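Asker: Dropping the structure in here first, questions after.
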Amino acid sequence: MHARQSASLGSTNLPLARATPAGVDQKFYPVITRPLQVSSSLWSTSLTFLAGCITTVLAVVLRQHHSSSSTPASQWVTESMTMASMAPHQDVAEPPAVLGRDTDANCLRRRFEAMLRRGQDQICAAIEACDGEAKFQPDAWVREGGGGGISRVLANGKVWEKAGVNLSVIYGTMPSETLAAARERQANYAKDVPAGERVPFFACGLSCVMHPRNPHCPTMHFNYRYFETEAGDWWFGGGTDITPSYLDEDDMKHFHGVYKKACDNHDADFYPKFKKWADEYFLIKHRGETRGLGGIFFDDLNDRDPEKIFAFAEECLANVVPAYVPIIEKHKNDLFTEEQKRWQLLRRGRYVEFNLIYDRGTIFGLKTGIGRMESIMMTLPEVARWEYNHHPALGSEEEKIMKCFQTPREWL
């Protein structure tokens, strides 16, 4: 059924504060979006509710990390807020030519930043061309403690509701206790660092999330990063993963096939290892299901010459567009119903749950105050949905993909 011909989903007493996208019938979003006509008392109630939601999410994060930390929850929150206020970020009209502090253009840190900046330019250009209407809006900032970033966000597009590609280059010092939050495994030297001692570090990364309008177009996320400390510890991390609302096996074979080829060009063991790692990392533990249908994920990669890992990360980043954009081109004009849109929003709710509770980058940014808050929260969709005790109908397309979320499988 064409979406514009579907029956109403019903009514709600609490309208959502989001305008209907340009070119879309108001009746197409009867529950998803509504005009904002809210009294001051309702605003107060809504804001109180949202504050409660945020507090709840933080509480869950604290419980997830309680076993690895002896810091009381109240102290953790206080320290996080204090650190955030101590490392302000200032918007600038134009980003510096180099965000890092190195003067040697041939050093690995400078070259990694340059590689990520090229990738940001190329990916944004490809997404704009596919969307056909919206443009990425640049937003440059510098950090008082050292470094800065370039955020590019596309909103209210023809194809994408929201897409962001964010570059961050940060250096300075951090307490040794927060270093563990930045990686999967603790460095050997870090075990001997006295508690509270500050560790000089450098971090450079490019992250992206893209949320399309059409339920038949999957969300895509990638992140490629390099981290080092002056004590000699260094590692690479990253990956690209895909989150469809509906299963198209040919799409999954294409996406995974592109990344298997990229992995095989560097190490035949990379794809099976990193595909399995993605399935495990993107697990929403309290739901018993994965966020999406995987891809590749790696962290703490420092088992060989850093130049070889640099080349691997560069090839993975170069394959974001070939892996993802053909899938969007295939489905961006597909017809969909309101029920299918509703299912997409339920899956976006799962996306939010994972990002705020389990995602290491999000937690690291929130806990340390090192990252820029707007850039961290850019990953979240503009609209998501939760329904009490929802289960897809037996034999439906929704149940079909849910089984894939519950039991990860091979695609190649």
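By convention in this document, the chains of the structure tokens carry letters A, B, ... by their order, each chain's residues are numbered from 1, and ligands are numbered from 1 in the order they are shown.
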Quick one: residues within 10 Å of region 390-399 of chain A, only C-alpha atoms, excluding same-chain residues fewer than 2 positions away - as a list in words?

Answerer: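 The residues that qualify are Ser245, Tyr246, Leu247, Gln340, Trp343, Gln344, Leu346, Trp386, Glu387, Tyr388, Ile401, Met402, Lys403, Cys404 and Phe405 of chain A.
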
Asker: Mind the document's chain letters and residue numbers, and return as a VMD selection string the residues of region 203-287 of chain A that DSSP labels alpha helix (DSSP H).

Answerer: chain A and resid 249 to 264 270 to 281

Asker: CA of Pro215 (chain A) and CA of Glu128 (chain A) are how many Å apart?

Answerer: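 A separation of 19.3 Å between them.
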
Asker: Report the distance between CA of Asp359 (chain A) and CA of Gln406 (chain A) in Å, rounded to one decimal place.

Answerer: 18.7 Å

Asker: As a list of chain:residue names, please: every residue in region 232-287 of chain A that a backbone DSSP assignment puts in strand (DSSP E).

Answerer: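 Checking each residue of region 232-287 of chain A, the strand (DSSP E) ones are A:Trp234, A:Trp235, A:Phe236, A:Gly237, A:Gly238, A:Gly239, A:Thr240, A:Asp241, A:Ile242, A:Thr243, A:Leu283, A:Ile284.
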
Asker: Skip Arg350 (chain A) itself and residues of its chain fewer than 3 positions away, then list as a list in words all residues within 9 Å of it, counting only C-alpha atoms.

Answerer: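 Those residues are Ile284, Arg287, Thr290, Arg291, Leu345, Leu346, Arg347, Glu353, Phe354, Asn355, Ala384, Arg385 and Trp386 of chain A.
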
Asker: Write the selection just made, keeping C-alpha atoms, as a short mmCIF file (atom, residue, chain, number, x, y, z; two decimals), in the first residue's frame?

Answerer:
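The new file selection11.cif reads:
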data_model
loop_
_atom_site.label_atom_id
_atom_site.label_comp_id
_atom_site.auth_asym_id
_atom_site.auth_seq_id
_atom_site.Cartn_x
_atom_site.Cartn_y
_atom_site.Cartn_z
CA ILE A 284 21.80 -5.07 22.84
CA ARG A 287 17.06 -7.22 24.57
CA THR A 290 21.71 -7.09 17.76
CA ARG A 291 21.33 -3.46 16.72
CA LEU A 345 10.87 3.83 14.24
CA LEU A 346 10.71 0.90 16.67
CA ARG A 347 14.06 -0.32 15.36
CA GLU A 353 19.19 2.08 23.44
CA PHE A 354 22.45 0.63 22.17
CA ASN A 355 24.14 3.97 21.63
CA ALA A 384 12.27 6.99 17.38
CA ARG A 385 9.48 4.94 18.92
CA TRP A 386 8.86 2.59 21.82
#
